[in-house]
Every structure is written in C-alpha cells, then in structure tokens.
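Participant: If it helps, the file is called my_file-v6.cif and holds mmCIF, C-alpha atoms:
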```cif
data_model
loop_
_atom_site.label_atom_id
_atom_site.label_comp_id
_atom_site.auth_asym_id
_atom_site.auth_seq_id
_atom_site.Cartn_x
_atom_site.Cartn_y
_atom_site.Cartn_z
CA MET A 1 -23.76 -15.68 -7.51
CA LYS A 2 -23.01 -14.27 -10.90
CA LYS A 3 -19.54 -14.98 -12.16
CA THR A 4 -18.02 -11.54 -11.85
CA ARG A 5 -14.87 -10.20 -10.28
CA ALA A 6 -16.84 -10.50 -7.06
CA THR A 7 -16.79 -14.26 -7.58
CA ALA A 8 -13.21 -14.16 -6.52
CA VAL A 9 -14.58 -13.04 -3.18
CA ILE A 10 -16.49 -16.30 -3.12
CA ALA A 11 -13.12 -17.96 -3.36
CA ALA A 12 -12.07 -15.77 -0.59
CA VAL A 13 -13.02 -14.07 2.59
CA ALA A 14 -13.52 -16.96 4.96
CA LEU A 15 -10.50 -18.91 3.74
CA VAL A 16 -8.43 -17.35 6.49
CA ALA A 17 -10.56 -19.32 8.92
CA THR A 18 -10.19 -22.55 6.99
CA GLY A 19 -6.47 -22.12 6.56
CA CYS A 20 -5.94 -21.72 10.31
CA SER A 21 -8.53 -24.23 11.37
CA SER A 22 -7.76 -27.41 13.21
CA GLY A 23 -9.81 -30.00 14.93
CA GLY A 24 -12.71 -32.15 13.95
CA GLY A 25 -14.73 -31.88 10.82
CA GLY A 26 -17.97 -32.74 12.54
CA GLY A 27 -20.24 -35.51 11.40
CA GLY A 28 -17.61 -38.24 11.76
CA GLU A 29 -16.36 -40.19 8.78
CA GLY A 30 -19.76 -40.73 7.20
CA GLY A 31 -20.56 -43.94 5.37
CA ALA A 32 -18.17 -44.93 2.60
CA GLU A 33 -20.49 -47.73 1.47
CA GLY A 34 -23.78 -45.99 2.25
CA THR A 35 -26.42 -45.54 -0.40
CA GLY A 36 -29.60 -43.50 -0.22
CA PRO A 37 -30.70 -39.86 -0.30
CA ILE A 38 -28.07 -37.12 -0.47
CA ASP A 39 -27.98 -33.33 -0.40
CA VAL A 40 -25.85 -31.19 -2.70
CA TRP A 41 -25.11 -27.48 -2.75
CA LEU A 42 -24.88 -25.35 -5.90
CA SER A 43 -23.55 -21.90 -6.62
CA ASN A 44 -26.30 -19.29 -6.67
CA ASN A 45 -25.37 -18.33 -10.22
CA GLU A 46 -28.68 -18.49 -12.10
CA GLN A 47 -27.30 -20.52 -14.98
CA GLU A 48 -25.58 -23.01 -12.70
CA VAL A 49 -28.74 -23.49 -10.66
CA ALA A 50 -30.60 -24.29 -13.89
CA TRP A 51 -27.90 -26.82 -14.81
CA GLY A 52 -27.94 -28.41 -11.36
CA THR A 53 -31.73 -28.65 -11.32
CA ALA A 54 -31.76 -30.42 -14.68
CA VAL A 55 -29.03 -32.90 -13.69
CA VAL A 56 -30.73 -33.69 -10.38
CA GLU A 57 -34.07 -34.29 -12.10
CA ALA A 58 -32.45 -36.65 -14.59
CA TRP A 59 -30.73 -38.61 -11.82
CA ASN A 60 -33.82 -38.81 -9.61
CA ALA A 61 -35.92 -40.16 -12.48
CA GLU A 62 -33.57 -43.14 -12.69
CA HIS A 63 -32.72 -43.55 -8.97
CA PRO A 64 -35.89 -43.24 -6.87
CA ASP A 65 -34.20 -44.84 -3.84
CA GLU A 66 -31.16 -42.54 -3.99
CA LYS A 67 -32.85 -39.18 -4.32
CA VAL A 68 -30.69 -36.08 -4.64
CA THR A 69 -31.88 -32.80 -3.15
CA ALA A 70 -30.16 -29.65 -4.36
CA GLN A 71 -30.10 -26.17 -2.87
CA GLU A 72 -28.03 -23.06 -3.31
CA ILE A 73 -25.08 -22.59 -0.96
CA PRO A 74 -26.52 -20.84 2.12
CA ALA A 75 -26.19 -17.08 2.19
CA GLY A 76 -23.24 -15.62 4.04
CA SER A 77 -20.40 -13.24 3.55
CA SER A 78 -18.90 -15.91 1.27
CA SER A 79 -19.59 -19.44 0.12
CA GLU A 80 -16.51 -20.61 1.97
CA GLU A 81 -17.71 -19.14 5.26
CA ALA A 82 -21.00 -21.04 4.94
CA ILE A 83 -19.19 -24.27 4.07
CA THR A 84 -16.68 -23.89 6.90
CA ALA A 85 -19.48 -23.35 9.40
CA ALA A 86 -21.28 -26.43 8.09
CA ILE A 87 -18.13 -28.56 8.45
CA THR A 88 -17.72 -27.41 12.04
CA ALA A 89 -21.37 -28.12 12.85
CA GLY A 90 -21.39 -31.48 11.06
CA THR A 91 -24.14 -30.30 8.73
CA ALA A 92 -22.22 -30.12 5.46
CA PRO A 93 -23.94 -31.65 2.41
CA CYS A 94 -22.54 -34.62 0.56
CA LEU A 95 -21.26 -32.57 -2.39
CA VAL A 96 -20.59 -28.89 -3.05
CA TYR A 97 -20.27 -27.66 -6.63
CA ASN A 98 -18.16 -24.49 -6.91
CA VAL A 99 -15.32 -25.16 -4.46
CA ALA A 100 -12.33 -22.85 -4.79
CA PRO A 101 -9.13 -24.95 -4.95
CA ALA A 102 -7.45 -22.53 -2.56
CA ALA A 103 -9.95 -23.54 0.13
CA VAL A 104 -9.28 -27.26 -0.07
CA SER A 105 -6.10 -27.48 2.02
CA GLY A 106 -7.83 -25.71 4.91
CA TRP A 107 -10.82 -28.05 4.80
CA VAL A 108 -8.55 -31.10 4.64
CA LYS A 109 -6.82 -29.80 7.75
CA GLN A 110 -10.22 -29.27 9.33
CA GLY A 111 -11.13 -32.91 8.64
CA GLY A 112 -14.08 -31.98 6.48
CA LEU A 113 -13.33 -33.60 3.10
CA VAL A 114 -13.44 -37.17 1.82
CA ASP A 115 -10.33 -38.45 0.06
CA LEU A 116 -11.75 -39.30 -3.36
CA SER A 117 -8.60 -41.30 -4.12
CA SER A 118 -9.66 -43.78 -1.43
CA ILE A 119 -12.76 -44.66 -3.48
CA GLU A 120 -12.25 -47.52 -5.91
CA GLY A 121 -11.50 -45.98 -9.30
CA GLY A 122 -11.57 -42.46 -7.85
CA SER A 123 -8.15 -41.24 -8.96
CA ASP A 124 -8.50 -42.92 -12.35
CA TYR A 125 -11.83 -41.22 -13.05
CA ILE A 126 -10.55 -37.79 -12.06
CA SER A 127 -7.40 -38.13 -14.15
CA GLU A 128 -9.11 -39.66 -17.19
CA ARG A 129 -11.69 -36.89 -17.29
CA GLY A 130 -9.38 -33.97 -16.57
CA GLY A 131 -6.03 -35.00 -18.00
CA ASP A 132 -3.03 -33.49 -16.19
CA VAL A 133 -4.66 -32.61 -12.86
CA GLU A 134 -2.01 -33.74 -10.40
CA SER A 135 -1.59 -30.16 -9.16
CA TYR A 136 -5.06 -30.45 -7.61
CA ALA A 137 -3.95 -33.32 -5.37
CA SER A 138 -3.00 -32.81 -1.73
CA ASP A 139 -0.16 -35.10 -0.62
CA GLY A 140 -0.96 -37.37 -3.53
CA SER A 141 -4.69 -37.62 -2.82
CA PHE A 142 -7.63 -35.94 -4.51
CA TYR A 143 -9.96 -34.15 -2.11
CA GLN A 144 -11.52 -32.34 -5.05
CA LEU A 145 -12.58 -33.14 -8.58
CA PRO A 146 -11.46 -30.29 -10.87
CA TRP A 147 -14.80 -29.39 -12.44
CA LYS A 148 -14.81 -26.23 -14.57
CA SER A 149 -12.46 -23.43 -15.48
CA ASN A 150 -12.63 -19.84 -16.61
CA PRO A 151 -9.25 -19.31 -18.32
CA VAL A 152 -8.09 -15.74 -17.84
CA MET A 153 -7.50 -13.81 -21.06
CA VAL A 154 -7.34 -10.14 -22.03
CA MET A 155 -10.84 -8.87 -22.83
CA TYR A 156 -10.90 -5.63 -24.78
CA ASN A 157 -13.35 -3.07 -26.08
CA LYS A 158 -13.14 -3.22 -29.87
CA ALA A 159 -14.50 0.30 -30.36
CA LEU A 160 -11.90 1.84 -28.04
CA PHE A 161 -9.13 -0.11 -29.76
CA GLU A 162 -10.23 1.16 -33.16
CA ALA A 163 -10.41 4.74 -31.88
CA ALA A 164 -6.82 4.37 -30.64
CA GLY A 165 -5.63 3.13 -34.02
CA ILE A 166 -5.35 -0.52 -32.98
CA ASP A 167 -6.79 -3.20 -35.27
CA PRO A 168 -9.54 -4.76 -33.11
CA GLU A 169 -9.47 -7.97 -35.13
CA ASP A 170 -5.70 -8.41 -34.84
CA PRO A 171 -4.29 -6.15 -32.10
CA GLN A 172 -0.72 -7.48 -32.33
CA MET A 173 -0.18 -6.85 -28.60
CA ASN A 174 1.32 -10.19 -27.60
CA THR A 175 4.68 -8.87 -26.33
CA TYR A 176 5.26 -6.61 -23.34
CA ASP A 177 6.61 -3.87 -25.58
CA ALA A 178 3.68 -4.05 -28.00
CA PHE A 179 1.15 -4.24 -25.16
CA LEU A 180 2.63 -1.13 -23.57
CA GLU A 181 2.71 0.69 -26.91
CA GLY A 182 -0.95 -0.09 -27.50
CA SER A 183 -1.84 0.91 -23.93
CA ARG A 184 -0.17 4.29 -24.35
CA ALA A 185 -2.10 4.85 -27.58
CA ILE A 186 -5.36 4.04 -25.77
CA VAL A 187 -4.75 6.55 -22.99
CA ASP A 188 -3.52 9.15 -25.51
CA SER A 189 -6.85 8.73 -27.33
CA GLY A 190 -8.68 9.94 -24.24
CA VAL A 191 -9.61 6.75 -22.37
CA GLN A 192 -9.03 7.02 -18.62
CA SER A 193 -7.06 3.76 -18.40
CA ALA A 194 -5.71 1.13 -20.73
CA ILE A 195 -6.30 -1.75 -18.31
CA TRP A 196 -7.62 -1.50 -14.76
CA PRO A 197 -6.70 -4.40 -12.47
CA ALA A 198 -8.25 -4.05 -9.02
CA PRO A 199 -5.58 -2.35 -6.86
CA THR A 200 -7.16 -3.51 -3.62
CA SER A 201 -5.46 -5.68 -1.01
CA GLU A 202 -7.50 -8.90 -1.00
CA PHE A 203 -5.33 -12.01 -1.15
CA PHE A 204 -6.94 -13.27 -4.38
CA GLN A 205 -6.21 -10.16 -6.46
CA PRO A 206 -2.86 -11.51 -7.80
CA TRP A 207 -4.94 -14.05 -9.71
CA PHE A 208 -6.11 -11.19 -11.95
CA ASP A 209 -2.89 -9.24 -12.49
CA PHE A 210 0.49 -10.79 -11.61
CA TYR A 211 -0.28 -14.51 -11.64
CA PRO A 212 -1.69 -15.04 -15.17
CA LEU A 213 1.30 -13.26 -16.67
CA TYR A 214 3.73 -15.12 -14.42
CA LEU A 215 2.26 -18.45 -15.50
CA ALA A 216 2.56 -17.32 -19.11
CA GLU A 217 6.15 -16.15 -18.72
CA THR A 218 7.23 -19.41 -17.04
CA ASP A 219 5.16 -21.87 -19.11
CA GLY A 220 3.06 -22.79 -16.09
CA THR A 221 5.34 -22.58 -13.07
CA MET A 222 3.10 -22.13 -10.03
CA LEU A 223 3.80 -19.59 -7.30
CA VAL A 224 5.04 -22.35 -5.00
CA GLU A 225 6.45 -25.69 -6.13
CA ASP A 226 8.06 -28.43 -4.03
CA GLY A 227 7.48 -26.36 -0.91
CA LYS A 228 9.42 -23.33 -2.16
CA SER A 229 8.43 -20.04 -3.77
CA THR A 230 9.42 -19.74 -7.41
CA PHE A 231 8.84 -16.10 -8.29
CA ASP A 232 12.07 -14.45 -7.06
CA SER A 233 13.46 -14.95 -10.54
CA ASP A 234 14.12 -13.16 -13.80
CA GLU A 235 10.59 -14.06 -14.94
CA GLY A 236 8.94 -12.85 -11.74
CA ARG A 237 10.92 -9.62 -11.91
CA ALA A 238 9.94 -9.08 -15.55
CA VAL A 239 6.24 -9.46 -14.77
CA ALA A 240 6.45 -7.14 -11.78
CA GLU A 241 8.35 -4.50 -13.77
CA PHE A 242 5.79 -4.77 -16.57
CA TRP A 243 2.88 -4.02 -14.23
CA LYS A 244 4.85 -1.31 -12.40
CA THR A 245 5.24 0.53 -15.69
CA PHE A 246 1.44 0.74 -16.00
CA TYR A 247 1.14 2.44 -12.63
CA ASP A 248 4.21 4.65 -13.11
CA GLU A 249 2.91 5.91 -16.48
CA LYS A 250 -0.72 6.27 -15.26
CA LEU A 251 -1.88 3.66 -17.76
CA SER A 252 -3.62 1.88 -14.85
CA PRO A 253 -5.12 3.70 -11.85
CA ASN A 254 -3.96 2.76 -8.37
CA GLU A 255 -7.40 3.42 -6.92
CA ALA A 256 -10.43 1.15 -7.27
CA SER A 257 -13.06 1.82 -9.90
CA THR A 258 -16.40 2.97 -8.53
CA ASP A 259 -18.34 1.19 -11.26
CA ASP A 260 -17.87 -1.43 -13.97
CA ALA A 261 -15.06 0.27 -15.86
CA MET A 262 -15.54 -1.83 -19.00
CA SER A 263 -19.23 -0.96 -19.29
CA ALA A 264 -18.55 2.66 -18.39
CA GLY A 265 -15.85 2.94 -21.08
CA THR A 266 -13.26 4.14 -18.57
CA THR A 267 -10.96 1.27 -19.41
CA ALA A 268 -10.27 -0.52 -22.67
CA MET A 269 -9.14 -3.85 -21.21
CA GLN A 270 -9.50 -6.20 -18.29
CA LEU A 271 -8.40 -9.71 -17.42
CA ALA A 272 -11.45 -11.97 -17.53
CA GLY A 273 -12.79 -15.43 -18.25
CA PRO A 274 -15.66 -16.66 -20.44
CA TRP A 275 -18.15 -15.75 -17.71
CA ALA A 276 -17.73 -12.14 -18.88
CA ILE A 277 -19.08 -12.72 -22.39
CA PRO A 278 -22.79 -12.56 -21.46
CA SER A 279 -22.04 -9.83 -18.93
CA TYR A 280 -21.16 -7.43 -21.75
CA ALA A 281 -23.33 -8.80 -24.54
CA GLU A 282 -25.62 -5.76 -24.47
CA THR A 283 -23.07 -3.08 -23.62
CA VAL A 284 -19.64 -3.66 -25.19
CA ASP A 285 -18.42 -5.28 -28.41
CA VAL A 286 -15.57 -7.30 -26.91
CA GLY A 287 -12.62 -9.19 -28.27
CA PHE A 288 -10.16 -11.52 -26.56
CA MET A 289 -6.46 -12.18 -26.78
CA PRO A 290 -3.98 -14.22 -24.72
CA VAL A 291 -2.08 -12.50 -21.93
CA PRO A 292 1.20 -11.03 -23.19
CA THR A 293 4.66 -12.43 -22.60
CA SER A 294 8.06 -10.77 -22.92
CA ASP A 295 8.76 -12.62 -26.18
CA GLY A 296 5.23 -12.96 -27.60
CA ARG A 297 5.13 -16.75 -27.47
CA GLU A 298 2.19 -18.62 -28.95
CA SER A 299 -0.42 -20.27 -26.73
CA PRO A 300 0.90 -18.99 -23.39
CA THR A 301 -0.27 -20.62 -20.16
CA THR A 302 -2.69 -18.63 -18.01
CA PHE A 303 -4.57 -18.87 -14.72
CA ALA A 304 -7.39 -21.41 -14.86
CA ASP A 305 -9.65 -19.68 -12.29
CA SER A 306 -11.15 -23.12 -11.78
CA LYS A 307 -13.77 -24.47 -9.42
CA SER A 308 -13.99 -28.02 -8.11
CA VAL A 309 -16.47 -30.44 -6.55
CA SER A 310 -15.69 -31.89 -3.13
CA MET A 311 -17.34 -34.57 -1.00
CA PHE A 312 -17.74 -33.90 2.71
CA THR A 313 -17.16 -36.32 5.60
CA ALA A 314 -20.57 -35.53 7.11
CA CYS A 315 -22.12 -37.40 4.17
CA GLU A 316 -23.79 -40.64 5.29
CA ASN A 317 -24.32 -42.05 1.79
CA GLN A 318 -20.93 -41.57 0.18
CA ALA A 319 -21.39 -44.38 -2.35
CA THR A 320 -24.42 -42.62 -3.80
CA ALA A 321 -22.58 -39.29 -3.67
CA TRP A 322 -19.72 -40.74 -5.71
CA GLU A 323 -22.05 -42.18 -8.33
CA PHE A 324 -23.90 -38.88 -8.61
CA LEU A 325 -20.61 -37.01 -8.85
CA LYS A 326 -19.66 -39.15 -11.84
CA PHE A 327 -23.13 -38.74 -13.37
CA SER A 328 -22.95 -34.95 -13.02
CA THR A 329 -19.49 -34.76 -14.62
CA SER A 330 -20.16 -37.13 -17.53
CA VAL A 331 -19.74 -36.07 -21.15
CA ASP A 332 -23.46 -35.33 -21.37
CA SER A 333 -23.67 -33.39 -18.09
CA ASP A 334 -20.55 -31.41 -18.92
CA GLY A 335 -22.07 -30.58 -22.28
CA GLN A 336 -25.16 -29.23 -20.52
CA LEU A 337 -22.92 -27.16 -18.24
CA LEU A 338 -21.19 -25.65 -21.25
CA GLU A 339 -24.50 -24.93 -22.99
CA LEU A 340 -26.11 -23.27 -19.98
CA THR A 341 -23.18 -21.37 -18.45
CA GLY A 342 -20.48 -20.91 -21.11
CA GLN A 343 -17.92 -22.12 -18.57
CA MET A 344 -15.35 -24.70 -19.61
CA PRO A 345 -15.68 -28.23 -18.20
CA MET A 346 -12.23 -29.42 -17.13
CA ARG A 347 -11.92 -32.33 -19.50
CA THR A 348 -9.64 -33.12 -22.39
CA ASP A 349 -10.36 -32.18 -26.02
CA LEU A 350 -13.14 -29.69 -25.38
CA THR A 351 -13.45 -28.42 -28.93
CA GLY A 352 -13.51 -31.94 -30.34
CA THR A 353 -16.01 -33.25 -27.80
CA TYR A 354 -18.39 -30.31 -28.15
CA GLY A 355 -17.73 -29.22 -31.71
CA ASP A 356 -21.34 -28.25 -32.42
CA TYR A 357 -21.43 -25.88 -29.44
CA PHE A 358 -18.28 -24.04 -30.43
CA GLU A 359 -19.37 -23.80 -34.04
CA ALA A 360 -22.56 -22.10 -32.87
CA ASN A 361 -20.77 -19.96 -30.25
CA PRO A 362 -17.50 -18.76 -31.81
CA ASN A 363 -16.79 -16.24 -29.03
CA TYR A 364 -16.04 -19.15 -26.72
CA VAL A 365 -13.56 -20.91 -28.99
CA ALA A 366 -10.61 -18.85 -27.76
CA PHE A 367 -11.36 -19.89 -24.19
CA ALA A 368 -11.73 -23.55 -25.11
CA GLU A 369 -8.34 -23.44 -26.80
CA GLN A 370 -6.86 -21.51 -23.88
CA ALA A 371 -8.25 -24.10 -21.46
CA GLU A 372 -5.66 -26.52 -22.81
CA ALA A 373 -2.90 -24.26 -21.43
CA THR A 374 -3.77 -23.33 -17.85
CA ALA A 375 -2.45 -23.74 -14.34
CA ASP A 376 -4.07 -23.07 -11.00
CA VAL A 377 -3.10 -22.08 -7.49
CA PRO A 378 -0.73 -24.50 -5.78
CA SER A 379 -2.13 -26.87 -3.17
CA ILE A 380 -0.14 -25.69 -0.14
CA PRO A 381 -0.54 -25.26 3.62
CA ASN A 382 -1.66 -21.79 4.73
CA SER A 383 -2.67 -20.96 1.18
CA VAL A 384 -4.61 -17.82 1.98
CA GLU A 385 -1.96 -16.42 4.28
CA ALA A 386 0.69 -17.07 1.63
CA TRP A 387 -1.27 -15.24 -1.07
CA GLN A 388 -1.96 -12.38 1.35
CA ALA A 389 1.74 -12.02 2.09
CA PHE A 390 2.40 -11.91 -1.63
CA ARG A 391 -0.30 -9.30 -2.23
CA ASN A 392 0.90 -7.04 0.55
CA GLU A 393 4.45 -6.90 -0.78
CA TYR A 394 3.36 -6.66 -4.43
CA SER A 395 1.03 -3.78 -3.69
CA ALA A 396 3.68 -1.83 -1.82
CA ALA A 397 6.24 -2.19 -4.61
CA VAL A 398 4.27 -2.39 -7.86
CA ILE A 399 1.03 -0.49 -7.30
CA PHE A 400 2.13 2.18 -4.82
CA GLY A 401 5.90 2.34 -5.35
CA LYS A 402 6.77 2.27 -1.66
CA GLU A 403 9.49 -0.36 -1.95
CA SER A 404 11.68 -1.84 -4.67
CA ILE A 405 10.83 -4.78 -6.86
CA ASP A 406 13.81 -6.68 -5.46
CA ASP A 407 12.62 -6.09 -1.90
CA PHE A 408 9.13 -7.26 -2.82
CA LEU A 409 10.40 -10.47 -4.37
CA SER A 410 12.79 -11.38 -1.57
CA THR A 411 10.49 -10.41 1.31
CA ALA A 412 7.45 -12.16 -0.13
CA THR A 413 9.53 -15.26 -0.83
CA SER A 414 10.77 -15.42 2.76
CA LYS A 415 7.32 -14.96 4.24
CA ILE A 416 5.65 -17.50 1.95
CA ASP A 417 8.35 -20.15 2.40
CA GLU A 418 7.95 -19.83 6.16
CA LEU A 419 4.17 -20.19 5.94
CA VAL A 420 4.32 -23.18 3.63
CA ALA A 421 6.83 -24.94 5.91
CA GLU A 422 4.53 -24.76 8.96
#
```
As structure tokens, what does this structure read like?
Facilitator:
Amino acid sequence: MKKTRATAVIAAVALVATGCSSGGGGGGEGGAEGTGPIDVWLSNNEQEVAWGTAVVEAWNAEHPDEKVTAQEIPAGSSSEEAITAAITAGTAPCLVYNVAPAAVSGWVKQGGLVDLSSIEGGSDYISERGGDVESYASDGSFYQLPWKSNPVMVMYNKALFEAAGIDPEDPQMNTYDAFLEGSRAIVDSGVQSAIWPAPTSEFFQPWFDFYPLYLAETDGTMLVEDGKSTFDSDEGRAVAEFWKTFYDEKLSPNEASTDDAMSAGTTAMQLAGPWAIPSYAETVDVGFMPVPTSDGRESPTTFADSKSVSMFTACENQATAWEFLKFSTSVDSDGQLLELTGQMPMRTDLTGTYGDYFEANPNYVAFAEQAEATADVPSIPNSVEAWQAFRNEYSAAVIFGKESIDDFLSTATSKIDELVAE
C-alpha cells in the first residue's frame, strides 16, 4: 500500500468491527518463553517491503534456528479487516508492522494482542526508544510499540504560491488571519481551491483537517483525555470557525476531488506527511510549513499519523518475536527504514542520530523537526465510533453549514463521552 490519503483507509474501515468485538482472540495465549520460527506481516508499500525483506535477511543470517518469514498483509478491504479476521481464526502472525493506533483498543478487547509491558524490559525499551510515548499505552500497558510517524504539515505548490504573490520560500502564513489572506489570494489568482481537505464522512478524516490544527492550538491536547472530551472549548471553537470560513468563502470545496488535486493544480495546499514527497517529485515543486495557529506560535504540535508494531497472542514463539521486534527497531534498522521510505522512526533525536541522511535529503528536515512536536489519537474504548460521531457533527456544522458550531461541539462531546464511558 502506498502511503497516500488512502492509507488512512488502511487505518480504517474494519475498525468498527474491532471496536465492537468481544470474545476470544483465537490461538490461546501463545508461548511467552517460546523460541523458534515466527511469521511477520508487512505493509504492501513497496519501500516498506524492501526494508522488511532486508531486515529479515539480516536476522535469519544470524539466527538459523529462529527463522523469520515475512509476507505482506493479506489483501482485503483494509489491513485491519484482514488482521481482525486472523485474530478471530487464531491465525494471526507473531508481529504486524503498520498497525494503526486507533485499532489497538479494539484488538485488546478482542483478546488478540500481547501486553508488551509484561515482557521483562518491555516498557523500558519502548520508552527509551520513543521518549514520551505514554499516550500509546492502554490502561498503563503497551500493546503496541510506536514505530514510525508521518507528521502532518501543510504541503504547498511553490509555483501557485508565487503566481498568487506569496513568497514560496517564506510564505508567512503561520497565523489564521495570514493563512486566510494567502488562501484568498490563491483563489483570486485563478486556482480552484486554496486547500482541499477531503469533505467525506469517514471517521478518520478529522485527522487531516480539524485534529492537526486542534493539537497545534492546544499544544497537544488530545480529543479525549481522562475519559472526557476536550474540544468543546475556546480552542476547539476557534479551529472549527477557521475551517468553516474556508467553506463559507469557497476557498475549499465541500465536494470530493475526482483526481489528485495537488498534481492536477486544482488546489495549492494539502495537509500531508513526508510520504508525499516522492509522490510529487516528478509533478509538483512542493514546500512545507507547520499548520497555522491563531497566534502564529513557533513549533506547533501536529498529528503524528503514526503506525505501530504489535505482537499477537496466536504467536507460539513470543520470546523470538520480542527479540526480532527489538532487532527491527534498533538504531541501524530504523536508519534503514528512514533511508528506504522517508518515514520518521519514532525515536528521540532523529536529526542528531541520522545527521548524514538529513544533510543529503533536506526536504525531510522539516518533518524530522516536526516529529519532536506531535500527538496521536487517544487510546480510548470505542475509538472508531467516537471519531465517527465527531465527524458526523463536524461535517454538518463546518462543511455543510446545517447546524451551528456550538451545537456541533456540545452534541459531539455528549456522544463521545457516552461512548468512551461504556
């Protein structure tokens, strides 16, 4: 799977099933002390498959009695659907690389994931590699190792900025007012839209419009904290009003694009991660800037759009799986991941650790720096249903103007708090 907006779908469609699931995880508890052959699943992104193949070959050369076999996640309507079916059938692999954090709570409920904190040194390894990763824990335990991130920033078409009279090397659009002023100039110059977030109803779409700006405006406050929604606030209202202005003034369409709007030149901006750099290497000269805030603060927090690695209870050789997980997330393996995919390993001091890479690939420096200021989705019960409730109310108020911002905030809060309390 290429890392495109469609990747969010991979974080997506079947999560409803996992969020509502109950009952056994199939395959029993596996073998915590078992060593021997293991299977792992990789994303079908070409670059990630190349990385996984290389890491597996290096491991197997040194561990002939603990051979790792890798394959792409089986085809299905989504990765999560394939993984959920495997949990139910007891046929899940030992490790899956490319787990969406939003899926984890459902799989824990399903009984499908190993508590990595129960492994000697497990929590310490995860925290020492990743730094402040407590938000990825479920009830104080890690059922996922935060692996890589794609910090969301504003990608823009330099040529369209220049044509609109905006300096493409220093756009000066870090405040809401300046961002709106620049967006109006872009549309006045003849571009169909300034920025074109997907206006569709999927639960994950807030991760690419409202949520990055909300995290920025609140210095990293997640949508739900301590079991309660946080967004019915001055900051949440400011973000919603900001986006509503784009739809009210026709700076953003409220229908879906029929093609890649950035490549087609029908929009000047989108919210994207480093995965997008190679996607536009041959078509658009792109620049990047942090998401705006009301006051233009420096180094605002944004959505991490991260993926994790989880171990599954069907695994018979969990001791080998843990050792391979550490091997595949070492400094060297993470460096290979960065080299081959351009995605940011979730470890501290990226630019210092991999200085040679960033010197040779300056387009990625902004994302490495941004990776130090990210937050993710909260680890909550009924995660998918909660995000869907949010999206439904947001769409009605912000995108289509069918209800007020205040009604959206209060109604979504009530629905989400009820879901999280179940």
Participant: Name the residues in contact with region 68-83 of chain A at a cut-off of 6 Å, using all atoms listed in the file, excluding same-chain residues fewer than 3 positions from it; report them as a VMD selection string.
Facilitator: chain A and resid 10 14 37 to 44 86
Participant: Tell me which protein, DNA and RNA residues are within 7 Å of Val114 (chain A), counting all atoms listed in the file, leaving out same-chain ones fewer than 5 positions away, and put them as a ChimeraX atom specification.
Facilitator: /A:143,311-313
Participant: Neighbours of Ser414 (chain A) within 10 Å (only C-alpha atoms; same-chain residues fewer than 6 positions away dropped), as a list in words?
Facilitator: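 Returned residues: Lys228, Ser229, Asp232 and Ala389 of chain A.
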Participant: I'd like the neighbourhood of Phe303 (chain A) as a list of chain:residue names, where a residue qualifies if any of its atoms comes within 7 Å (using only C-alpha atoms), though same-chain residues fewer than 4 positions away should be ignored.
Facilitator: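 Neighbouring residues, sequence-local ones excluded: A:Pro151, A:Val152, A:Trp207, A:Tyr211, A:Pro212, A:Leu215, A:Thr374, A:Ala375, A:Asp376.
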Participant: Selected residues, C-alpha atoms, written as a tab-separated table (two decimals), in the coordinates of the input, please.
Facilitator:
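Saved result, again_34.tsv, follows:
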```tsv
chain	number	residue	atom	x	y	z
A	151	PRO	CA	-9.25	-19.31	-18.32
A	152	VAL	CA	-8.09	-15.74	-17.84
A	207	TRP	CA	-4.94	-14.05	-9.71
A	211	TYR	CA	-0.28	-14.51	-11.64
A	212	PRO	CA	-1.69	-15.04	-15.17
A	215	LEU	CA	2.26	-18.45	-15.50
A	374	THR	CA	-3.77	-23.33	-17.85
A	375	ALA	CA	-2.45	-23.74	-14.34
A	376	ASP	CA	-4.07	-23.07	-11.00
```
Participant: Which residues, named as in the file, does the PyMOL selection byres ((chain A and resi 321) around 9) pick out? Answer as number ranges by chain.
Facilitator: A: 35-40, 68, 94-95, 311, 315, 317-320, 322-326
Participant: Grab the CA of Asp188 (chain A) to CA of Val239 (chain A) distance for me, in Å with one decimal place.
Facilitator: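 Atom-to-atom, CA of Asp188 (chain A) to CA of Val239 (chain A), that is 23.6 Å.
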Participant: Do you have the CA of Gly111 (chain A)-CA of Ser123 (chain A) distance handy?
Facilitator: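 These atoms are spaced 19.7 Å apart.
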Participant: Could you check how far CA of Val133 (chain A) sits from CA of Gly342 (chain A), in Å to one decimal?
Facilitator: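 Here the two named atoms are 21.3 Å from each other.
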Participant: Between A:Thr341, A:Ser193, A:Thr175, A:Asn60, which is the closest to Glu255 (chain A) once you count only C-alpha atoms?
Facilitator: A:Ser193
Participant: Translate the PyMOL selection byres ((chain A and resi 183) around 9) into a concrete residue list for this structure, as JSON, numbers by chain.
Facilitator: {"A": [178, 179, 180, 181, 182, 184, 185, 186, 187, 188, 193, 194, 195, 246, 251, 268]}
Participant: Starting from the point (-0.5, 0.5, -8.1), work out which residues of protein, DNA or RNA have an atom no more than 9 Å away when counting all atoms listed in the file; state them as a ChimeraX atom specification.
Facilitator: /A:199-200,243-244,246-248,252-255,394-401
Participant: Measuring between all atoms listed in the file, which one of A:Ile416, A:Ile405, A:Val49, A:Ala264 shows the shortest distance to Gly236 (chain A)?
Facilitator: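 Looking at the shortest contact to Gly236 (chain A), the residue is A:Ile405.
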Participant: For this file, the PyMOL selection byres ((chain A and resi 261) around 12) selects which residues, as a PyMOL selection string?
Facilitator: chain A and resi 5+156-157+191-198+252-253+256-260+262-270+280+283-284
Participant: Using all atoms listed in the file, can you tell me which of A:Ser138, A:Ala103, A:Gly112, A:Pro64 comes closest to Thr88 (chain A)?
Facilitator: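 Nearest to Thr88 (chain A): A:Gly112.
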Participant: Set the distance at 12 Å and use only C-alpha atoms: which residues neighbour Met344 (chain A) once local chain neighbours fewer than 5 positions away are removed? I'd like the list as a PyMOL selection string.
Facilitator: chain A and resi 130+146-152+273-275+304-307+329+334-339+349-351+353-354+357-358+364-372+374
